[in-house]
file query37.csv (CSV, C-alpha atoms (C1' of nucleotides))
chain,number,residue,atom,x,y,z
M,250,MET,CA,-5.3,34.3,48.8
M,251,ILE,CA,-4.7,36.0,52.2
M,252,LEU,CA,-6.8,39.2,52.3
M,253,PRO,CA,-4.5,42.2,52.0
M,254,ARG,CA,-4.3,45.0,54.6
M,255,SER,CA,-6.2,47.3,52.2
M,256,PHE,CA,-9.2,45.1,52.8
M,257,TYR,CA,-9.3,46.2,56.4
M,258,THR,CA,-8.3,49.9,55.8
M,259,ARG,CA,-12.0,50.9,55.2
M,260,GLY,CA,-15.1,51.7,57.2
M,261,THR,CA,-15.9,49.0,59.8
M,262,VAL,CA,-19.4,48.3,58.5
M,263,GLU,CA,-18.1,47.7,55.0
M,264,VAL,CA,-15.4,45.4,56.4
M,265,ALA,CA,-18.0,43.5,58.5
M,266,ARG,CA,-20.2,42.8,55.5
M,267,ASP,CA,-17.4,41.8,53.2
M,268,LEU,CA,-15.9,39.4,55.7
M,269,LEU,CA,-18.9,37.2,55.3
M,270,GLY,CA,-17.8,34.3,53.1
M,271,THR,CA,-14.1,34.6,53.8
M,272,VAL,CA,-12.1,31.9,55.7
M,273,VAL,CA,-10.4,32.1,59.1
M,274,ARG,CA,-7.5,29.7,59.5
M,275,HIS,CA,-5.6,28.7,62.7
M,276,SER,CA,-3.9,25.6,64.0
M,277,ALA,CA,-5.0,22.9,61.6
M,278,THR,CA,-8.6,24.2,61.5
M,279,SER,CA,-10.5,26.7,59.4
M,280,GLY,CA,-14.1,28.0,58.9
M,281,ILE,CA,-16.1,30.2,56.6
M,282,ILE,CA,-17.3,33.4,58.4
M,283,VAL,CA,-21.1,33.4,58.4
M,284,GLU,CA,-21.9,36.0,61.1
M,285,THR,CA,-20.2,39.3,62.1
M,286,GLU,CA,-20.8,42.4,64.2
M,287,ALA,CA,-19.4,45.9,63.7
M,288,TYR,CA,-18.1,47.8,66.7
M,289,LEU,CA,-17.5,51.4,65.7
M,290,GLY,CA,-15.7,54.4,67.1
M,291,GLY,CA,-17.4,57.7,67.8
M,292,ASP,CA,-20.6,57.3,69.8
M,293,ASP,CA,-20.9,53.5,69.7
M,294,LEU,CA,-21.1,53.0,73.5
M,295,ALA,CA,-21.3,49.2,73.1
M,296,ALA,CA,-17.7,49.1,71.7
M,297,HIS,CA,-14.8,48.4,74.0
M,298,SER,CA,-13.0,51.4,72.4
M,299,ALA,CA,-15.8,53.7,73.6
M,300,ARG,CA,-14.0,54.4,76.9
M,301,GLY,CA,-10.9,55.5,75.1
M,302,LEU,CA,-7.4,54.1,74.5
M,303,THR,CA,-6.3,51.8,77.4
M,304,GLU,CA,-3.9,48.9,77.6
M,305,ARG,CA,-6.6,46.5,76.6
M,306,THR,CA,-8.1,48.5,73.7
M,307,ARG,CA,-4.7,49.6,72.3
M,308,VAL,CA,-5.0,47.0,69.4
M,309,ILE,CA,-8.4,48.4,68.3
M,310,PHE,CA,-6.8,51.8,67.8
M,311,GLY,CA,-3.8,50.3,66.0
M,312,PRO,CA,-3.2,49.4,62.4
M,313,PRO,CA,-5.9,47.4,60.6
M,314,GLY,CA,-5.7,43.7,59.8
M,315,HIS,CA,-4.8,42.7,63.3
M,316,ALA,CA,-6.6,40.4,65.7
M,317,TYR,CA,-8.2,41.8,68.9
M,318,VAL,CA,-8.9,38.9,71.2
M,319,TYR,CA,-10.5,39.5,74.6
M,320,LEU,CA,-11.9,37.5,77.6
M,321,ILE,CA,-15.6,37.6,78.0
M,322,TYR,CA,-17.3,36.8,81.3
M,323,GLY,CA,-14.0,35.5,82.7
M,324,VAL,CA,-14.5,32.3,80.6
M,325,TYR,CA,-14.3,32.6,76.9
M,326,ASP,CA,-12.1,34.3,74.3
M,327,CYS,CA,-13.7,36.3,71.4
M,328,LEU,CA,-12.1,37.1,68.1
M,329,ASN,CA,-12.3,40.5,66.4
M,330,LEU,CA,-10.5,41.9,63.3
M,331,VAL,CA,-9.4,45.5,63.4
M,332,ALA,CA,-10.6,47.8,60.7
M,333,GLU,CA,-10.2,51.6,59.9
M,334,PRO,CA,-6.9,53.3,59.2
M,335,ASP,CA,-4.2,53.3,61.9
M,336,GLY,CA,-5.2,55.5,64.8
M,337,GLN,CA,-8.9,55.2,64.3
M,338,PRO,CA,-10.9,52.7,66.4
M,339,GLY,CA,-13.2,50.1,64.8
M,340,CYS,CA,-13.3,46.3,64.8
M,341,VAL,CA,-15.4,43.4,63.7
M,342,LEU,CA,-16.5,40.6,66.1
M,343,ILE,CA,-16.5,37.2,64.4
M,344,ARG,CA,-19.7,35.5,65.8
M,345,ALA,CA,-20.0,32.3,63.8
M,346,LEU,CA,-18.2,30.1,61.3
M,347,GLU,CA,-19.2,27.3,59.0
M,348,PRO,CA,-16.5,24.5,59.7
M,349,LEU,CA,-14.3,23.9,56.7
M,350,ASP,CA,-11.1,22.1,57.6
M,351,GLY,CA,-10.1,20.0,60.6
M,352,LEU,CA,-13.5,19.0,61.8
M,353,ASP,CA,-12.0,16.1,63.8
M,354,VAL,CA,-9.6,18.5,65.6
M,355,MET,CA,-12.5,20.8,66.4
M,356,ARG,CA,-14.5,17.9,68.0
M,357,GLU,CA,-11.5,17.1,70.2
M,358,ARG,CA,-11.3,20.8,71.3
M,359,ARG,CA,-15.1,20.8,71.9
M,360,PRO,CA,-16.1,17.4,73.3
M,361,ARG,CA,-19.4,18.8,74.4
M,362,ALA,CA,-20.6,19.7,70.9
M,363,ARG,CA,-23.3,17.3,69.7
M,364,GLY,CA,-23.5,18.1,66.0
M,365,ALA,CA,-21.3,20.1,63.5
M,366,GLU,CA,-23.7,23.0,64.0
M,367,ASP,CA,-22.5,23.3,67.6
M,368,LEU,CA,-18.7,23.5,66.8
M,369,THR,CA,-18.3,27.1,65.7
M,370,SER,CA,-21.8,28.7,66.0
M,371,GLY,CA,-21.0,31.4,68.6
M,372,PRO,CA,-18.1,33.8,69.3
M,373,GLY,CA,-16.8,31.7,72.3
M,374,ARG,CA,-17.4,28.4,70.5
M,375,LEU,CA,-15.4,29.3,67.4
M,376,THR,CA,-12.3,30.4,69.3
M,377,MET,CA,-12.4,27.1,71.2
M,378,ALA,CA,-12.8,25.1,68.0
M,379,LEU,CA,-9.9,26.8,66.3
M,380,GLY,CA,-7.7,27.0,69.3
M,381,ILE,CA,-7.6,30.8,69.3
M,382,THR,CA,-6.5,32.3,72.6
M,383,ARG,CA,-5.8,35.9,73.6
M,384,ALA,CA,-2.4,35.0,74.9
M,385,GLU,CA,-1.3,33.7,71.5
M,386,CYS,CA,-3.4,35.6,69.1
M,387,CYS,CA,-4.2,39.1,70.4
M,388,GLY,CA,-2.4,41.6,68.3
M,389,ALA,CA,-1.5,39.0,65.6
M,390,ASP,CA,-1.2,40.3,62.0
M,391,VAL,CA,-3.8,38.3,60.1
M,392,CYS,CA,-2.4,39.6,56.8
M,393,ALA,CA,1.0,37.9,57.4
M,394,ALA,CA,1.4,34.4,56.0
M,395,ASP,CA,3.6,33.4,59.0
M,396,SER,CA,1.4,34.7,61.7
M,397,GLY,CA,-0.5,31.4,62.3
M,398,LEU,CA,-3.8,33.2,62.3
M,399,THR,CA,-4.9,34.3,58.8
M,400,VAL,CA,-8.0,35.3,56.9
M,401,GLU,CA,-8.3,34.2,53.3
M,402,GLU,CA,-10.5,34.6,50.3
M,403,GLY,CA,-13.4,32.1,50.6
M,404,PRO,CA,-14.6,29.5,48.1
M,405,ASP,CA,-17.0,30.9,45.5
M,406,ARG,CA,-20.5,29.9,46.5
M,407,GLY,CA,-22.4,32.3,44.2
M,408,ALA,CA,-24.7,35.1,45.4
M,409,PHE,CA,-25.8,35.1,49.0
M,410,GLU,CA,-28.2,37.3,50.9
M,411,ILE,CA,-26.8,39.4,53.8
M,412,VAL,CA,-29.2,39.9,56.7
M,413,ALA,CA,-28.7,42.8,59.0
M,414,GLY,CA,-30.1,43.1,62.5
M,415,PRO,CA,-29.3,44.3,66.1
M,416,ARG,CA,-26.2,43.1,67.8
M,417,VAL,CA,-26.4,40.3,70.3
M,418,GLY,CA,-25.8,40.5,74.1
M,419,ILE,CA,-25.3,44.3,74.4
M,420,THR,CA,-27.3,46.9,76.4
M,421,LYS,CA,-26.3,50.0,74.6
M,422,CYS,CA,-27.1,51.1,71.0
M,423,VAL,CA,-29.3,48.1,70.8
M,424,ASP,CA,-31.2,49.4,67.8
M,425,TRP,CA,-28.2,49.9,65.6
M,426,PRO,CA,-28.4,47.2,62.8
M,427,LEU,CA,-24.7,46.2,63.0
M,428,ARG,CA,-25.0,42.4,63.0
M,429,PHE,CA,-24.6,40.7,59.7
M,430,LEU,CA,-25.2,37.1,58.7
M,431,LEU,CA,-25.6,34.9,55.7
M,432,GLY,CA,-29.3,34.4,55.2
M,433,GLY,CA,-30.5,30.8,55.8
M,434,ASN,CA,-27.1,29.6,56.9
M,435,ARG,CA,-27.5,26.9,59.6
M,436,PHE,CA,-24.2,27.7,61.4
M,437,VAL,CA,-25.1,31.2,62.6
M,438,SER,CA,-25.3,31.7,66.4
M,439,ARG,CA,-29.0,32.2,66.4
M,440,GLY,CA,-32.0,32.9,64.2
Z,193,DG,C1',-39.8,23.4,72.4
Z,194,DG,C1',-38.2,27.1,75.9
Z,195,DT,C1',-35.7,29.5,79.6
Z,196,DA,C1',-33.4,30.5,84.2
Z,197,DG,C1',-29.3,30.5,86.5
Z,198,DG,C1',-24.4,29.5,87.5
Z,199,DA,C1',-19.5,29.6,86.3
Z,200,DT,C1',-15.6,32.9,86.3
Z,201,DG,C1',-11.9,36.8,86.0
Z,202,DG,C1',-10.3,41.0,84.0
Z,203,DG,C1',-11.2,45.9,83.3
Z,204,DC,C1',-12.6,50.1,84.9
Z,205,DT,C1',-15.1,53.5,88.3
W,196,DG,C1',-17.8,46.5,93.5
W,197,DC,C1',-20.1,46.3,89.3
W,198,DC,C1',-20.3,45.2,84.6
W,199,DC,C1',-19.9,42.5,81.1
W,200,DA,C1',-19.8,41.6,72.7
W,201,DT,C1',-21.1,33.8,76.5
W,202,DC,C1',-22.0,28.8,77.0
W,203,DC,C1',-23.9,25.0,79.1
W,204,DT,C1',-27.0,22.4,82.1
W,205,DA,C1',-31.1,21.5,84.3
W,206,DC,C1',-35.6,21.5,84.4
W,207,DC,C1',-40.2,22.7,82.6
W,208,DC,C1',-43.6,22.5,79.4

call {"tool": "encode", "arguments": {"input": "query37.csv", "output": "structure tokens"}}
result
Amino acid sequence: MILPRSFYTRGTVEVARDLLGTVVRHSATSGIIVETEAYLGGDDLAAHSARGLTERTRVIFGPPGHAYVYLIYGVYDCLNLVAEPDGQPGCVLIRALEPLDGLDVMRERRPRARGAEDLTSGPGRLTMALGITRAECCGADVCAADSGLTVEEGPDRGAFEIVAGPRVGITKCVDWPLRFLLGGNRFVSRG
DNA sequence: GGTAGGATGGGCT
DNA sequence: GCCCATCCTACCC
């Protein structure tokens, strides 16, 4: 049920697409991934790993199937899942979830959310709703049942269309179609 | 319906 | 000192 490490030991784009429909679980809450973005190695200047291996980006260069959580704009934590074989950079930003378990807990963690669509429809929102912090989760092994942060096979919901487009909020490599979302899903971060 | 602007702190030059 | 892989509010149609 928990996705095996071999799932992540592949090209980042493939992993980003295949993560759609799977389930992220942490601290009494879970959600189905409906939007992802791939951040590659090589000449992807939008990726944190583009400036090389540093203390912060060490996890991205490490073994696949681990969580890379970072602070954005000094305010919010964002969740990534590391792909590619050990030693090669590449990770997938989780941008939106469809809430699955623990909706009441999510509402307590996000008192400002008006409807269910506001709970997890954004990279900063979903970490708040699931209680994911970089202090607790950065570097966590999402393939290990006892890690507290796991990614599981999702419920079978038949065929769905994957829509690709430019990544959100970046200024470099803006034309690369590395954002993926479930077509027509109302829990995506935008459009 | 839309958007402009502020909050806020770590990472890197 | 500048740059952010964002969110929320206020205010304006």

call {"tool": "closest_residue", "arguments": {"input": "query37.csv", "among": "M:Val318, M:Cys386, M:Leu349, M:Ala362", "to": "M:Thr306", "atoms": "all atoms listed in the file"}}
result
M:Val318

call {"tool": "residues_around", "arguments": {"input": "query37.csv", "residues": "Z:DG201", "least_positions_apart": "6", "cutoff": "12 Å", "atoms": "all atoms listed in the file", "output": "PyMOL selection string"}}
result
(chain M and resi 319-326) or (chain W and resi 198-199)

call {"tool": "residues_around", "arguments": {"input": "query37.csv", "residues": "M:Ile343", "least_positions_apart": "5", "cutoff": "8 Å", "atoms": "only C-alpha atoms (C1' of nucleotides)", "output": "list of chain:residue names"}}
result
M:Ile282, M:Glu284, M:Thr285, M:Glu286, M:Cys327, M:Leu328, M:Asn329, M:Leu330, M:Pro372

call {"tool": "axis_aligned_box", "arguments": {"input": "query37.csv", "around": "stretch 197-206 of chain W", "padding_each_side": "6 Å", "output": "JSON"}}
result
{"center_x": -27.7, "center_y": 33.9, "center_z": 81.0, "size_x": 27.8, "size_y": 36.8, "size_z": 28.6}

call {"tool": "atom_distance", "arguments": {"input": "query37.csv", "atom1": "atom CA of M:Arg254", "atom2": "atom CA of M:Glu401"}}
result
11.6 Å

call {"tool": "residues_around", "arguments": {"input": "query37.csv", "residues": "M:Ser298", "least_positions_apart": "6", "cutoff": "8 Å", "atoms": "all atoms listed in the file", "output": "list in words"}}
result
Gly290, Thr306, Ile309, Phe310, Pro338 and Gly339 of chain M

call {"tool": "closest_atom_pairs", "arguments": {"input": "query37.csv", "of": "chain W", "to": "chain M", "cutoff": "12 Å", "atoms": "all atoms listed in the file", "output": "tab-separated table"}}
result
residue	atom	partner	partner_atom	distance
W:DC198	C1'	M:Tyr322	CA	9.5
W:DC199	C1'	M:Tyr322	CA	6.3
W:DA200	C1'	M:Gly418	CA	6.3
W:DT201	C1'	M:Gly373	CA	6.4
W:DC202	C1'	M:Gly373	CA	7.6
W:DC203	C1'	M:Arg361	CA	9.0
W:DT204	C1'	M:Arg361	CA	11.4

call {"tool": "closest_atom_pairs", "arguments": {"input": "query37.csv", "of": "chain Z", "to": "chain M", "cutoff": "12 Å", "atoms": "only C-alpha atoms (C1' of nucleotides)", "output": "Markdown table"}}
result
| residue | atom | partner | partner_atom | distance |
| --- | --- | --- | --- | --- |
| Z:DG198 | C1' | M:Tyr322 | CA | 11.9 |
| Z:DA199 | C1' | M:Val324 | CA | 8.0 |
| Z:DT200 | C1' | M:Gly323 | CA | 4.7 |
| Z:DG201 | C1' | M:Gly323 | CA | 4.1 |
| Z:DG202 | C1' | M:Gly323 | CA | 6.8 |
| Z:DG203 | C1' | M:Arg305 | CA | 8.1 |
| Z:DC204 | C1' | M:Arg300 | CA | 9.2 |
| Z:DT205 | C1' | M:Arg300 | CA | 11.5 |

call {"tool": "atom_distance", "arguments": {"input": "query37.csv", "atom1": "atom CA of M:Phe429", "atom2": "atom CA of M:Glu357"}}
result
29.0 Å

call {"tool": "atom_distance", "arguments": {"input": "query37.csv", "atom1": "atom CA of M:Val341", "atom2": "atom CA of M:Pro313"}}
result
10.8 Å

call {"tool": "residues_around", "arguments": {"input": "query37.csv", "residues": "Z:DT195", "least_positions_apart": "2", "cutoff": "12 Å", "atoms": "all atoms listed in the file", "output": "PyMOL selection string"}}
result
(chain Z and resi 193+197) or (chain W and resi 204-208)

call {"tool": "residues_around", "arguments": {"input": "query37.csv", "residues": "stretch 260-275 of chain M", "least_positions_apart": "4", "cutoff": "9 Å", "atoms": "all atoms listed in the file", "output": "MDAnalysis selection string"}}
result
chainID M and resid 252 256 279:289 331:334 339:343 346 349:350 379:381 397:406 411 427:431

call {"tool": "decode", "arguments": {"input": "query37.csv", "residues": "stretch 253-266 of chain M", "atoms": "N, CA, C and O atoms", "output": "PDB file, in the first residue's frame"}}
result
ATOM      1  N   PRO M 253       6.654   1.887  -2.917  1.00  0.00           N
ATOM      2  CA  PRO M 253       8.020   1.426  -2.667  1.00  0.00           C
ATOM      3  C   PRO M 253       9.053   2.424  -3.193  1.00  0.00           C
ATOM      4  O   PRO M 253       8.737   3.287  -4.012  1.00  0.00           O
ATOM      5  N   ARG M 254      10.271   2.284  -2.722  1.00  0.00           N
ATOM      6  CA  ARG M 254      11.311   3.224  -3.135  1.00  0.00           C
ATOM      7  C   ARG M 254      11.528   3.192  -4.643  1.00  0.00           C
ATOM      8  O   ARG M 254      11.878   4.207  -5.253  1.00  0.00           O
ATOM      9  N   SER M 255      11.297   2.027  -5.262  1.00  0.00           N
ATOM     10  CA  SER M 255      11.503   1.919  -6.708  1.00  0.00           C
ATOM     11  C   SER M 255      10.589   2.876  -7.480  1.00  0.00           C
ATOM     12  O   SER M 255      10.902   3.280  -8.601  1.00  0.00           O
ATOM     13  N   PHE M 256       9.458   3.249  -6.874  1.00  0.00           N
ATOM     14  CA  PHE M 256       8.555   4.211  -7.510  1.00  0.00           C
ATOM     15  C   PHE M 256       9.269   5.541  -7.760  1.00  0.00           C
ATOM     16  O   PHE M 256       9.044   6.193  -8.786  1.00  0.00           O
ATOM     17  N   TYR M 257      10.122   5.925  -6.804  1.00  0.00           N
ATOM     18  CA  TYR M 257      10.794   7.227  -6.873  1.00  0.00           C
ATOM     19  C   TYR M 257      12.137   7.165  -7.600  1.00  0.00           C
ATOM     20  O   TYR M 257      12.677   8.201  -7.982  1.00  0.00           O
ATOM     21  N   THR M 258      12.647   5.935  -7.785  1.00  0.00           N
ATOM     22  CA  THR M 258      13.973   5.777  -8.405  1.00  0.00           C
ATOM     23  C   THR M 258      13.834   5.801  -9.913  1.00  0.00           C
ATOM     24  O   THR M 258      14.191   4.844 -10.613  1.00  0.00           O
ATOM     25  N   ARG M 259      13.272   6.889 -10.422  1.00  0.00           N
ATOM     26  CA  ARG M 259      13.011   7.043 -11.850  1.00  0.00           C
ATOM     27  C   ARG M 259      13.188   8.510 -12.198  1.00  0.00           C
ATOM     28  O   ARG M 259      13.494   9.333 -11.351  1.00  0.00           O
ATOM     29  N   GLY M 260      12.939   8.837 -13.463  1.00  0.00           N
ATOM     30  CA  GLY M 260      13.013  10.230 -13.883  1.00  0.00           C
ATOM     31  C   GLY M 260      11.990  11.069 -13.135  1.00  0.00           C
ATOM     32  O   GLY M 260      10.876  10.615 -12.847  1.00  0.00           O
ATOM     33  N   THR M 261      12.367  12.322 -12.825  1.00  0.00           N
ATOM     34  CA  THR M 261      11.517  13.182 -12.007  1.00  0.00           C
ATOM     35  C   THR M 261      10.165  13.466 -12.659  1.00  0.00           C
ATOM     36  O   THR M 261       9.133  13.500 -11.977  1.00  0.00           O
ATOM     37  N   VAL M 262      10.160  13.654 -13.981  1.00  0.00           N
ATOM     38  CA  VAL M 262       8.898  13.959 -14.671  1.00  0.00           C
ATOM     39  C   VAL M 262       7.926  12.779 -14.566  1.00  0.00           C
ATOM     40  O   VAL M 262       6.732  12.946 -14.291  1.00  0.00           O
ATOM     41  N   GLU M 263       8.461  11.584 -14.759  1.00  0.00           N
ATOM     42  CA  GLU M 263       7.632  10.386 -14.648  1.00  0.00           C
ATOM     43  C   GLU M 263       7.035  10.268 -13.247  1.00  0.00           C
ATOM     44  O   GLU M 263       5.850   9.983 -13.071  1.00  0.00           O
ATOM     45  N   VAL M 264       7.870  10.497 -12.250  1.00  0.00           N
ATOM     46  CA  VAL M 264       7.409  10.417 -10.862  1.00  0.00           C
ATOM     47  C   VAL M 264       6.336  11.474 -10.594  1.00  0.00           C
ATOM     48  O   VAL M 264       5.318  11.200  -9.957  1.00  0.00           O
ATOM     49  N   ALA M 265       6.555  12.688 -11.113  1.00  0.00           N
ATOM     50  CA  ALA M 265       5.599  13.780 -10.889  1.00  0.00           C
ATOM     51  C   ALA M 265       4.226  13.434 -11.463  1.00  0.00           C
ATOM     52  O   ALA M 265       3.194  13.690 -10.839  1.00  0.00           O
ATOM     53  N   ARG M 266       4.218  12.834 -12.642  1.00  0.00           N
ATOM     54  CA  ARG M 266       2.935  12.460 -13.265  1.00  0.00           C
ATOM     55  C   ARG M 266       2.275  11.310 -12.518  1.00  0.00           C
ATOM     56  O   ARG M 266       1.052  11.312 -12.301  1.00  0.00           O
TER      57      ARG M 266
END
